[in-house]
$ cat structure.txt   # compact mmCIF, C-alpha atoms and all ligand atoms
# COMPACT_ATOMS: atom_id res chain seq x y z
CA MET B 1 3.78 -19.59 17.37
CA GLY B 2 0.60 -19.36 15.37
CA THR B 3 -1.41 -16.95 13.39
CA ASP B 4 -3.14 -13.91 14.77
CA HIS B 5 -6.17 -12.56 12.98
CA TYR B 6 -7.51 -9.10 13.49
CA ALA B 7 -10.53 -7.34 12.15
CA TYR B 8 -9.94 -3.67 11.58
CA THR B 9 -12.72 -1.21 11.16
CA VAL B 10 -11.14 1.49 9.09
CA LEU B 11 -12.16 5.01 8.29
CA GLY B 12 -10.21 5.62 5.13
CA VAL B 13 -9.94 5.28 1.40
CA LYS B 14 -9.00 2.42 -0.89
CA VAL B 15 -6.26 2.88 -3.47
CA PRO B 16 -5.36 0.34 -6.16
CA ARG B 17 -2.04 -1.23 -5.20
CA SER B 18 -0.76 -0.81 -8.76
CA LYS B 19 -0.95 2.98 -8.42
CA LEU B 20 1.58 2.90 -5.58
CA PHE B 21 4.25 1.43 -7.83
CA ILE B 22 6.05 2.55 -10.92
CA GLU B 23 7.71 0.29 -13.42
CA LYS B 24 11.35 1.01 -13.94
CA GLN B 25 13.92 -0.36 -16.37
CA VAL B 26 17.12 -1.47 -14.66
CA PRO B 27 20.15 -3.50 -15.73
CA ASN B 28 19.91 -7.24 -15.09
CA CYS B 29 23.08 -7.16 -12.95
CA PRO B 30 24.95 -4.42 -11.09
CA HIS B 31 28.06 -4.56 -13.28
CA PRO B 32 28.82 -2.21 -16.18
CA GLN B 33 26.76 -3.25 -19.19
CA LYS B 34 28.73 -4.17 -22.26
CA GLN B 35 27.74 -5.20 -25.76
CA ASP B 36 28.39 -8.88 -25.02
CA GLU B 37 25.41 -11.13 -24.55
CA PHE B 38 26.51 -12.13 -21.06
CA CYS B 39 28.17 -10.21 -18.23
CA SER B 40 31.86 -11.16 -17.94
CA LEU B 41 31.74 -10.73 -14.16
CA CYS B 42 28.67 -12.70 -13.10
CA GLY B 43 27.52 -14.50 -16.22
CA LYS B 44 24.04 -13.00 -16.24
CA LYS B 45 22.50 -11.94 -19.50
CA ASN B 46 23.25 -8.30 -20.38
CA LYS B 47 19.82 -6.78 -20.72
CA MET B 48 17.41 -4.37 -19.13
CA ILE B 49 14.67 -5.76 -16.95
CA VAL B 50 11.50 -4.15 -15.61
CA VAL B 51 11.10 -3.89 -11.85
CA GLU B 52 8.29 -2.47 -9.76
CA GLU B 53 9.34 0.24 -7.39
CA PRO B 54 7.13 1.86 -4.78
CA ILE B 55 6.45 5.55 -5.30
CA GLY B 56 8.65 7.74 -3.08
CA ILE B 57 6.20 8.23 -0.25
CA TYR B 58 5.01 4.62 -0.04
CA TYR B 59 6.79 2.49 2.53
CA GLU B 60 5.42 -0.94 1.87
CA GLU B 61 7.28 -2.78 4.65
CA GLU B 62 6.34 -0.23 7.30
CA GLY B 63 2.83 0.12 5.94
CA HIS B 64 2.81 3.85 5.40
CA LEU B 65 1.86 6.23 2.64
CA GLY B 66 3.32 9.54 3.68
CA SER B 67 2.27 9.96 7.28
CA PHE B 68 -0.84 7.83 6.86
CA GLU B 69 -1.02 4.18 7.77
CA ALA B 70 -1.52 1.95 4.71
CA LEU B 71 -3.08 -1.47 5.26
CA THR B 72 -3.30 -4.42 2.92
CA ASN B 73 -6.53 -6.37 3.19
CA ASP B 74 -5.80 -10.10 3.33
CA ASN B 75 -8.91 -10.74 1.27
CA CYS B 76 -8.11 -8.24 -1.42
CA GLN B 77 -4.39 -7.69 -1.83
CA ASN B 78 -4.64 -5.51 -4.91
CA GLU B 79 -6.14 -2.75 -2.81
CA ILE B 80 -4.35 -0.72 -0.17
CA ILE B 81 -6.43 1.09 2.40
CA ILE B 82 -5.15 4.47 3.47
CA VAL B 83 -6.17 4.87 7.07
CA PHE B 84 -7.37 7.99 8.79
CA GLN B 85 -8.37 6.10 11.91
CA HIS B 86 -8.89 2.47 12.72
CA VAL B 87 -10.25 0.31 15.49
CA LYS B 88 -8.74 -3.13 15.85
CA SER B 89 -10.64 -6.00 17.40
CA THR B 90 -9.92 -9.63 18.12
CA HIS B 91 -13.36 -10.63 19.33
CA ARG B 92 -17.01 -10.25 18.40
CA GLY B 93 -19.38 -7.60 19.55
CA VAL B 94 -17.18 -4.55 19.27
CA ILE B 95 -19.22 -1.50 18.38
CA VAL B 96 -17.33 1.16 16.50
CA ASN B 97 -18.72 4.65 16.34
CA PHE B 98 -17.15 7.25 14.09
CA SER B 99 -18.83 10.63 14.52
CA ASN B 100 -19.99 12.64 11.49
CA ASN B 101 -17.39 15.28 12.30
CA LEU B 102 -14.64 12.70 12.32
CA VAL B 103 -15.82 11.28 8.99
CA GLU B 104 -15.82 14.77 7.46
CA GLU B 105 -12.38 15.49 8.87
CA ALA B 106 -11.06 12.18 7.53
CA LYS B 107 -12.47 12.84 4.08
CA LYS B 108 -11.02 16.35 3.98
CA SER B 109 -7.51 15.44 5.04
CA LEU B 110 -7.26 12.27 2.94
CA LYS B 111 -8.57 14.13 -0.09
CA GLU B 112 -6.09 16.99 0.43
CA PHE B 113 -3.25 14.52 0.64
CA LEU B 114 -4.25 12.11 -2.13
CA GLU B 115 -5.79 14.35 -4.76
CA PRO B 116 -2.50 15.96 -5.90
CA LEU B 117 -1.07 12.45 -6.21
CA GLU B 118 -4.04 11.42 -8.37
CA LEU B 119 -4.88 8.74 -5.83
CA TRP B 120 -8.18 10.12 -4.56
CA GLU B 121 -11.43 8.45 -5.57
CA GLU B 122 -14.51 9.75 -3.81
CA ASP B 123 -16.44 6.49 -3.97
CA LYS B 124 -13.52 4.58 -2.46
CA PHE B 125 -13.76 6.59 0.73
CA GLY B 126 -15.76 5.14 3.59
CA ILE B 127 -15.76 2.80 6.54
CA TRP B 128 -14.23 -0.52 5.64
CA CYS B 129 -13.80 -3.81 7.40
CA VAL B 130 -10.36 -5.27 6.89
CA LEU B 131 -9.02 -8.68 7.87
CA ILE B 132 -5.33 -8.76 8.74
CA SER B 133 -3.39 -11.87 9.68
CA TYR B 134 0.04 -11.92 11.27
CA TYR B 135 2.11 -15.04 10.82
ZN ZN E 1 27.17 -8.91 -13.89
$ encode --input "structure.txt" --output "structure tokens" --more "lines below"
Ligand SMILES: [Zn+2]
Amino acid sequence: MGTDHYAYTVLGVKVPRSKLFIEKQVPNCPHPQKQDEFCSLCGKKNKMIVVEEPIGIYYEEEGHLGSFEALTNDNCQNEIIIVFQHVKSTHRGVIVNFSNNLVEEAKKSLKEFLEPLELWEEDKFGIWCVLISYY
């Protein structure tokens, strides 16, 4: 038991978490909605409520956006980092070296994937340090 902390050095791009969800109106309970104020089957109020649903290609639990890994930074949970490549370390003194070619390749493939989804922001692409804790 305990908590494990990892520092990830990530070559990737940050995306606002809110852009990975859509708001959807759904009934307050699963039963057929009637005109009455309350549901006759479960007693809940008959009304529509707004829920957040991940966009079709975002698998929040698994941490994936399409085929890319998607990490949540513990220090900044409203941003999701879409990963091209990462290096995980549990101790100090790890030197990470991403070649220029790799950086170019990462930028190209992330841009190709994210731009049509309107999730690409040039200045959010780079090498990021991410803290992840597992409980
Ligand atoms: Zn009901």
$ closest_residue --input "structure.txt" --among "B:Trp120, B:His86, B:Glu104, B:Glu112" --to "Tyr8 of chain B" --atoms "all atoms listed in the file"
B:His86
$ residues_near_ligand --input "structure.txt" --ligand "ligand ZN 1 (chain E)" --cutoff "9 Å" --atoms "only C-alpha atoms and all ligand atoms" --output "list of chain:residue names"
B:Asn28, B:Cys29, B:Pro30, B:His31, B:Pro32, B:Gln33, B:Phe38, B:Cys39, B:Ser40, B:Leu41, B:Cys42, B:Gly43, B:Lys44, B:Lys45, B:Asn46
$ write_last_selection --input "structure.txt" --atoms "C-alpha atoms" --output "PDB file, in the coordinates of the input"
ATOM      1  CA  ASN B  28      19.910  -7.240 -15.090  1.00  0.00           C
ATOM      2  CA  CYS B  29      23.080  -7.160 -12.950  1.00  0.00           C
ATOM      3  CA  PRO B  30      24.950  -4.420 -11.090  1.00  0.00           C
ATOM      4  CA  HIS B  31      28.060  -4.560 -13.280  1.00  0.00           C
ATOM      5  CA  PRO B  32      28.820  -2.210 -16.180  1.00  0.00           C
ATOM      6  CA  GLN B  33      26.760  -3.250 -19.190  1.00  0.00           C
ATOM      7  CA  PHE B  38      26.510 -12.130 -21.060  1.00  0.00           C
ATOM      8  CA  CYS B  39      28.170 -10.210 -18.230  1.00  0.00           C
ATOM      9  CA  SER B  40      31.860 -11.160 -17.940  1.00  0.00           C
ATOM     10  CA  LEU B  41      31.740 -10.730 -14.160  1.00  0.00           C
ATOM     11  CA  CYS B  42      28.670 -12.700 -13.100  1.00  0.00           C
ATOM     12  CA  GLY B  43      27.520 -14.500 -16.220  1.00  0.00           C
ATOM     13  CA  LYS B  44      24.040 -13.000 -16.240  1.00  0.00           C
ATOM     14  CA  LYS B  45      22.500 -11.940 -19.500  1.00  0.00           C
ATOM     15  CA  ASN B  46      23.250  -8.300 -20.380  1.00  0.00           C
TER      16      ASN B  46
END
$ closest_residue --input "structure.txt" --among "B:Val26, B:Leu131, B:Val15, B:Leu102" --to "Val51 of chain B" --atoms "all atoms listed in the file"
B:Val26
$ closest_residue --input "structure.txt" --among "B:Lys19, B:Ser67, B:Gln25, B:Ser133" --to "Thr90 of chain B" --atoms "only C-alpha atoms"
B:Ser133
$ residues_around --input "structure.txt" --residues "Lys107 of chain B" --least-positions-apart "4" --cutoff "12 Å" --atoms "all atoms listed in the file" --output "PyMOL selection string"
chain B and resi 11-13+82-85+100-103+111-115+120-127
$ closest_residue --input "structure.txt" --among "B:Ile22, B:Ile49, B:Leu71, B:Ile81" --to "Ile132 of chain B" --atoms "all atoms listed in the file"
B:Leu71
$ atom_distance --input "structure.txt" --atom1 "atom CA of Glu105 of chain B" --atom2 "atom CA of Tyr6 of chain B"
25.5 Å
$ atom_distance --input "structure.txt" --atom1 "atom CA of Pro116 of chain B" --atom2 "atom CA of Leu20 of chain B"
13.7 Å
$ closest_residue --input "structure.txt" --among "B:Ala7, B:Cys76, B:Leu117, B:Val94" --to "Tyr58 of chain B" --atoms "all atoms listed in the file"
B:Leu117
$ atom_distance --input "structure.txt" --atom1 "atom CA of Glu118 of chain B" --atom2 "atom CA of Pro16 of chain B"
11.4 Å
$ decode --input "structure.txt" --residues "segment 6-113 of chain B" --atoms "C-alpha atoms" --output "compact mmCIF listing (two decimals), in the first residue's frame"
# COMPACT_ATOMS: atom_id res chain seq x y z
CA TYR B 6 6.31 9.26 -11.26
CA ALA B 7 7.76 12.07 -13.26
CA TYR B 8 7.08 11.74 -16.94
CA THR B 9 8.99 13.63 -19.54
CA VAL B 10 6.53 13.87 -22.36
CA LEU B 11 6.89 14.79 -25.98
CA GLY B 12 3.37 15.80 -26.83
CA VAL B 13 0.70 18.44 -26.85
CA LYS B 14 -1.62 19.82 -24.19
CA VAL B 15 -5.35 19.91 -24.80
CA PRO B 16 -7.89 21.58 -22.50
CA ARG B 17 -9.82 18.83 -20.72
CA SER B 18 -13.11 20.61 -21.43
CA LYS B 19 -12.61 20.10 -25.17
CA LEU B 20 -12.64 16.32 -24.71
CA PHE B 21 -16.18 16.39 -23.37
CA ILE B 22 -19.53 17.41 -24.72
CA GLU B 23 -22.50 18.41 -22.65
CA LYS B 24 -25.56 16.34 -23.27
CA GLN B 25 -29.14 16.59 -22.05
CA VAL B 26 -30.46 13.32 -20.65
CA PRO B 27 -33.52 12.34 -18.61
CA ASN B 28 -33.05 12.39 -14.84
CA CYS B 29 -34.02 8.71 -14.58
CA PRO B 30 -34.11 5.81 -17.05
CA HIS B 31 -37.90 5.42 -17.01
CA PRO B 32 -40.29 6.84 -19.60
CA GLN B 33 -40.76 10.55 -18.95
CA LYS B 34 -44.29 11.64 -18.25
CA GLN B 35 -45.88 15.01 -17.62
CA ASP B 36 -46.02 14.40 -13.86
CA GLU B 37 -43.55 16.23 -11.69
CA PHE B 38 -42.11 13.00 -10.30
CA CYS B 39 -41.44 9.61 -11.87
CA SER B 40 -44.05 7.06 -10.76
CA LEU B 41 -41.46 4.27 -10.81
CA CYS B 42 -38.52 5.69 -8.87
CA GLY B 43 -39.77 8.97 -7.43
CA LYS B 44 -37.12 11.12 -9.06
CA LYS B 45 -38.07 14.46 -10.51
CA ASN B 46 -39.07 14.25 -14.18
CA LYS B 47 -36.66 16.62 -15.86
CA MET B 48 -33.72 16.76 -18.20
CA ILE B 49 -30.28 17.08 -16.71
CA VAL B 50 -26.95 18.00 -18.30
CA VAL B 51 -24.17 15.43 -18.21
CA GLU B 52 -20.63 15.57 -19.52
CA GLU B 53 -19.76 12.84 -21.94
CA PRO B 54 -16.33 12.18 -23.38
CA ILE B 55 -16.03 12.64 -27.13
CA GLY B 56 -16.15 9.32 -29.00
CA ILE B 57 -12.43 8.77 -29.30
CA TYR B 58 -11.52 9.76 -25.74
CA TYR B 59 -11.24 6.88 -23.30
CA GLU B 60 -10.77 8.62 -20.01
CA GLU B 61 -10.41 5.51 -17.83
CA GLU B 62 -7.87 3.89 -20.14
CA GLY B 63 -6.10 7.18 -20.76
CA HIS B 64 -6.31 7.22 -24.52
CA LEU B 65 -7.33 9.66 -27.21
CA GLY B 66 -7.63 7.60 -30.33
CA SER B 67 -4.46 5.55 -30.44
CA PHE B 68 -2.47 8.13 -28.48
CA GLU B 69 -1.86 7.94 -24.77
CA ALA B 70 -3.58 10.77 -22.88
CA LEU B 71 -2.16 11.73 -19.48
CA THR B 72 -3.64 13.92 -16.79
CA ASN B 73 -1.10 16.04 -14.95
CA ASP B 74 -1.69 15.83 -11.20
CA ASN B 75 -0.72 19.48 -10.89
CA CYS B 76 -3.01 20.70 -13.61
CA GLN B 77 -6.06 18.51 -14.05
CA ASN B 78 -7.82 20.76 -16.53
CA GLU B 79 -5.21 19.90 -19.13
CA ILE B 80 -4.75 16.54 -20.81
CA ILE B 81 -1.44 15.81 -22.44
CA ILE B 82 -1.57 13.83 -25.64
CA VAL B 83 1.58 11.77 -25.73
CA PHE B 84 3.72 10.96 -28.71
CA GLN B 85 6.46 9.48 -26.57
CA HIS B 86 7.26 9.59 -22.89
CA VAL B 87 10.02 8.62 -20.53
CA LYS B 88 9.00 7.71 -17.01
CA SER B 89 11.35 8.08 -14.08
CA THR B 90 11.15 7.44 -10.37
CA HIS B 91 14.51 8.90 -9.39
CA ARG B 92 16.65 11.96 -10.01
CA GLY B 93 19.29 12.39 -12.62
CA VAL B 94 17.56 10.85 -15.60
CA ILE B 95 18.61 12.55 -18.80
CA VAL B 96 16.05 12.44 -21.55
CA ASN B 97 17.11 13.12 -25.09
CA PHE B 98 14.54 13.51 -27.84
CA SER B 99 16.20 13.95 -31.22
CA ASN B 100 15.16 16.77 -33.56
CA ASN B 101 13.83 14.19 -36.01
CA LEU B 102 11.68 12.64 -33.34
CA VAL B 103 10.32 16.04 -32.30
CA GLU B 104 9.45 16.83 -35.92
CA GLU B 105 7.81 13.44 -36.36
CA ALA B 106 5.82 13.91 -33.15
CA LYS B 107 4.63 17.34 -34.20
CA LYS B 108 3.60 16.11 -37.64
CA SER B 109 1.63 13.11 -36.49
CA LEU B 110 -0.06 14.83 -33.54
CA LYS B 111 -1.00 17.77 -35.74
CA GLU B 112 -2.42 15.46 -38.43
CA PHE B 113 -4.51 13.68 -35.84
